[in-house]
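Novice: Sharing a structure with you now.
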Amino acid sequence: MHKLYIGNLNENVTAEDLGKTFDEHKIPYSGQFLMKTGYAFVDCPDDHWAMKAIETFSGKVELQGKRIEVEHSVPKKQRTRKLQIRNIPPHLQWEVLDGLMAQCGTVENCEQVNTDCETAVVNVTYASREHARQAEELIPLKILAHNNFVGRLIGKEGKNLKKIEQDTDTKITISPLQDLTLYNPERTITVKGPVEACCLAEVEVMKKIREAYENDIAAMNQQTHLIPGLNLGALGLFPSSSNMPPPPPGNAVGGAAYGCFGAPEQETVHVYIPAQAVGAIIGKKGQHIKQLSRFAGASIKIAPAETPDAKTRMVIVTGPPEAQFKAQGRIYGKLKEENFFGPKEEVKLETHIKMAASAAGRVIGKGGKTVTELQNLTAADVVVPRDQTPDENDQVIVKINGHFYASQLAQRKIRDILTQVKPPQKGGMAMGPGPQPQGFTEMGSPTQGLSQDHQQRRK
């Protein structure tokens, strides 16, 4: 007789249920099923039928909502010394397999099991339990995941990853950010532990990655129409395998085309990030910010803190419109990955651009009409602080606050308005939020600090 172990059973499964399942698949068995909580044992007539049961049931047949696992039952004394290696490809030379098994210790016995499959199965008995345990962990499970999702897999302070390790009794490591390149945005997740534990860990890891992927796709489906004419998938902000929604037909929202003849206009935008996120943006020895700059084709610099206890830091991004889109998109994504915002919290950042003081009225509009329309169209907060004193270049700032797509559309629409005032000027600069100059208003509703400003101008 050959005893089988049947695992991953629903606690409500009975011996009658298992007997019926074996009968339906015409797998003979002897005696009664020995039922335990969550698992059971049964005898098969010979080794042939035992292997047939394993091939038929294990991981393939569902019983009361759970896929059952079937394998040889090993006596307690040998349980940690005997292993079964399955799915050995026919082209693998036995000398190579022997070498792999010998790396873990002394092999007392190795016998091939006859099966109807093309792949081979062998039972291996090691001289000690320690050697067998090492053999189980010889070949770790490796998963490739896009860097955009890894931060959410790790969780705040590593809580998500630690929980998976504790629940599955595995050790999980992730390749460092330094291994990323412009052409390889994926990181390697390595799972070590017994085969069954690695399988459980793989399910939990993929569940987190799938959740992050679906959240990103949902966000893109909702917001991609805000930036017409751009192929978001081609910008590298999301994995190339993402099912990007097609760009909307026409150009209903308007906006300057990114592909223009001649040299593209250089723009400067100041993006304000949490002060504690500066290290994540820079990366070890400045590697991340250098890669980001090369990827986007933009100059990216981080200004010194305005005060020792400043809560935000200014990131200066200089480049043409598409470079702005790429660079700012990656900055938003990095803050999400590194959990500077909650899992269900939308990343919203403040950005500043400069404009000629004479153009401020065009952005505000009569009675604040234009800026109100901007906010309604883009879903971003747009504020031209009142009572500004123009700088030495006779320029003032406009503040934009919102999620990535909202901020991008607001920036483009404002630039469009400015081009109608007079020919494009090179390098619109921005100011920092830091300490507000006298007369600045707080970020608020479309009419706060806007219609008043317009009324003052009319006076």
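A note on labels: chains of the structure tokens are A, B, ... as shown, every chain counts residues from 1, and ligands are counted from 1 in their shown order.
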For A:Glu165, list every protein, DNA or RNA residue within 10 Å, evaluated using only C-alpha atoms, and leave out those in the same chain fewer than 5 positions away; present the list as a list in words.
Specialist: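 My list of contacting residues is Lys159, Asn160, Thr170, Lys171, Ile172, Val191, Lys192, Gly193, Ala197, Cys198, Leu200, Ala201 and Glu204 of chain A.
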Novice: Include all heavy atoms and write out the residues we just selected as a short mmCIF file (atom, residue, chain, number, x, y, z; two decimals), in the first residue's frame.
Specialist:
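selection_34.cif, freshly written:
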data_model
loop_
_atom_site.label_atom_id
_atom_site.label_comp_id
_atom_site.auth_asym_id
_atom_site.auth_seq_id
_atom_site.Cartn_x
_atom_site.Cartn_y
_atom_site.Cartn_z
N LYS A 159 5.72 46.97 6.46
CA LYS A 159 4.71 46.17 7.17
C LYS A 159 4.07 45.10 6.29
O LYS A 159 3.85 43.97 6.74
CB LYS A 159 3.63 47.10 7.74
CG LYS A 159 4.10 47.93 8.92
CD LYS A 159 2.99 48.81 9.48
CE LYS A 159 3.49 49.64 10.67
NZ LYS A 159 2.43 50.53 11.20
N ASN A 160 3.77 45.44 5.04
CA ASN A 160 3.13 44.45 4.16
C ASN A 160 4.02 43.25 3.93
O ASN A 160 3.58 42.09 4.01
CB ASN A 160 2.78 45.09 2.81
CG ASN A 160 1.65 46.10 2.91
OD1 ASN A 160 0.97 46.17 3.93
ND2 ASN A 160 1.45 46.88 1.87
N THR A 170 8.37 32.45 5.24
CA THR A 170 9.36 32.56 4.19
C THR A 170 10.24 33.78 4.43
O THR A 170 9.94 34.61 5.28
CB THR A 170 8.69 32.71 2.80
OG1 THR A 170 7.80 33.84 2.83
CG2 THR A 170 7.92 31.46 2.41
N LYS A 171 11.31 33.87 3.66
CA LYS A 171 12.19 35.03 3.68
C LYS A 171 12.11 35.69 2.30
O LYS A 171 12.37 35.05 1.28
CB LYS A 171 13.63 34.62 3.99
CG LYS A 171 14.63 35.77 3.95
CD LYS A 171 14.36 36.80 5.02
CE LYS A 171 15.41 37.90 5.02
NZ LYS A 171 15.09 38.98 5.98
N ILE A 172 11.75 36.97 2.28
CA ILE A 172 11.56 37.68 1.00
C ILE A 172 12.51 38.87 0.93
O ILE A 172 12.57 39.68 1.85
CB ILE A 172 10.10 38.17 0.86
CG1 ILE A 172 9.12 36.99 1.00
CG2 ILE A 172 9.89 38.86 -0.48
CD1 ILE A 172 7.66 37.40 0.97
N VAL A 191 11.93 34.84 -3.09
CA VAL A 191 11.23 34.18 -1.98
C VAL A 191 11.95 32.89 -1.65
O VAL A 191 12.13 32.03 -2.51
CB VAL A 191 9.76 33.88 -2.34
CG1 VAL A 191 9.02 33.30 -1.14
CG2 VAL A 191 9.06 35.13 -2.85
N LYS A 192 12.38 32.74 -0.39
CA LYS A 192 13.08 31.52 0.05
C LYS A 192 12.29 30.83 1.14
O LYS A 192 11.76 31.48 2.04
CB LYS A 192 14.48 31.87 0.56
CG LYS A 192 15.43 32.37 -0.53
CD LYS A 192 16.82 32.61 0.03
CE LYS A 192 17.78 33.07 -1.07
NZ LYS A 192 19.14 33.30 -0.52
N GLY A 193 12.25 29.51 1.05
CA GLY A 193 11.52 28.72 2.03
C GLY A 193 11.11 27.40 1.41
O GLY A 193 11.41 27.12 0.25
N ALA A 197 5.50 26.75 1.26
CA ALA A 197 5.50 28.10 1.81
C ALA A 197 5.74 29.14 0.71
O ALA A 197 5.11 30.20 0.70
CB ALA A 197 6.58 28.22 2.89
N CYS A 198 6.63 28.83 -0.23
CA CYS A 198 6.89 29.75 -1.34
C CYS A 198 5.64 29.94 -2.19
O CYS A 198 5.37 31.04 -2.68
CB CYS A 198 8.04 29.23 -2.21
SG CYS A 198 9.67 29.40 -1.45
N LEU A 200 2.54 29.76 -1.16
CA LEU A 200 1.63 30.64 -0.42
C LEU A 200 2.10 32.09 -0.50
O LEU A 200 1.29 33.01 -0.67
CB LEU A 200 1.55 30.20 1.05
CG LEU A 200 0.90 28.84 1.32
CD1 LEU A 200 1.03 28.48 2.80
CD2 LEU A 200 -0.57 28.87 0.93
N ALA A 201 3.41 32.30 -0.37
CA ALA A 201 3.94 33.66 -0.43
C ALA A 201 3.72 34.26 -1.81
O ALA A 201 3.40 35.45 -1.94
CB ALA A 201 5.44 33.64 -0.09
N GLU A 204 0.26 35.70 -2.11
CA GLU A 204 0.09 36.96 -1.39
C GLU A 204 0.83 38.11 -2.08
O GLU A 204 0.32 39.23 -2.14
CB GLU A 204 0.59 36.81 0.06
CG GLU A 204 -0.21 35.81 0.89
CD GLU A 204 -1.68 36.17 0.95
OE1 GLU A 204 -2.00 37.36 1.13
OE2 GLU A 204 -2.52 35.27 0.78
#
Novice: Find the spatial neighbours of A:His270, counting only C-alpha atoms, within a cut-off of 12 Å - ignore same-chain residues fewer than 2 positions away - and output them as a count of residues only.
Specialist: 40
Novice: From the set A:Ala275, A:Ser30, A:Met35, A:Asp394, which residue has the shortest atom-to-atom contact distance to A:Asn12, counting only C-alpha atoms?
Specialist: A:Met35
Novice: Choose the residue, out of A:Asp179, A:Asp46, A:Asp169, A:Glu346, that has the smallest atom-to-atom separation from A:Gln291; count only C-alpha atoms.
Specialist: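 For A:Gln291, the nearest of the candidates is A:Asp179.
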Novice: Based on DSSP run over this structure's backbone, return all residues of stretch 311-420 of chain A in alpha helix (DSSP H), as JSON, numbers by chain.
Specialist: {"A": [321, 322, 323, 324, 325, 326, 327, 328, 329, 330, 331, 332, 333, 334, 335, 336, 337, 360, 361, 362, 363, 364, 369, 370, 371, 372, 373, 374, 375, 376, 377, 378, 404, 405, 406, 407, 408, 409, 410, 411, 412, 413, 414, 415, 416, 417, 418, 419, 420]}
Novice: Leaving out stretch 97-112 of chain A and any residue of its chain fewer than 6 positions from it, which residues lie within 7 Å of it when counting only C-alpha atoms, given as JSON, numbers by chain?
Specialist: {"A": [121, 122, 123, 124, 125, 126, 127, 131, 134, 135]}
Novice: Nearest to A:Phe404 among A:Ala380, A:Ile417, A:Val150, A:Ala132, with distances taken over only C-alpha atoms: which residue is it?
Specialist: A:Ala380
Novice: Excluding A:Tyr5 and its own-chain neighbours fewer than 2 positions away, which residues fall within 10 Å of it when counting only C-alpha atoms? Please give them as a ChimeraX atom specification.
Specialist: /A:3,7,34,39-43,54,69-74
Novice: Kindly give the distance, in Å, that separates atom CA of A:Lys26 and atom CA of A:Gln84, rounded to a single decimal.
Specialist: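 Separating atom CA of A:Lys26 from atom CA of A:Gln84 is a distance of 24.3 Å.
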Novice: In terms of the shortest atom-to-atom distance over only C-alpha atoms, which of A:Ala145, A:Ser407, A:Val371, A:Ala305 is closest to A:Val269?
Specialist: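 That would be A:Ser407, the residue with the smallest distance to A:Val269.
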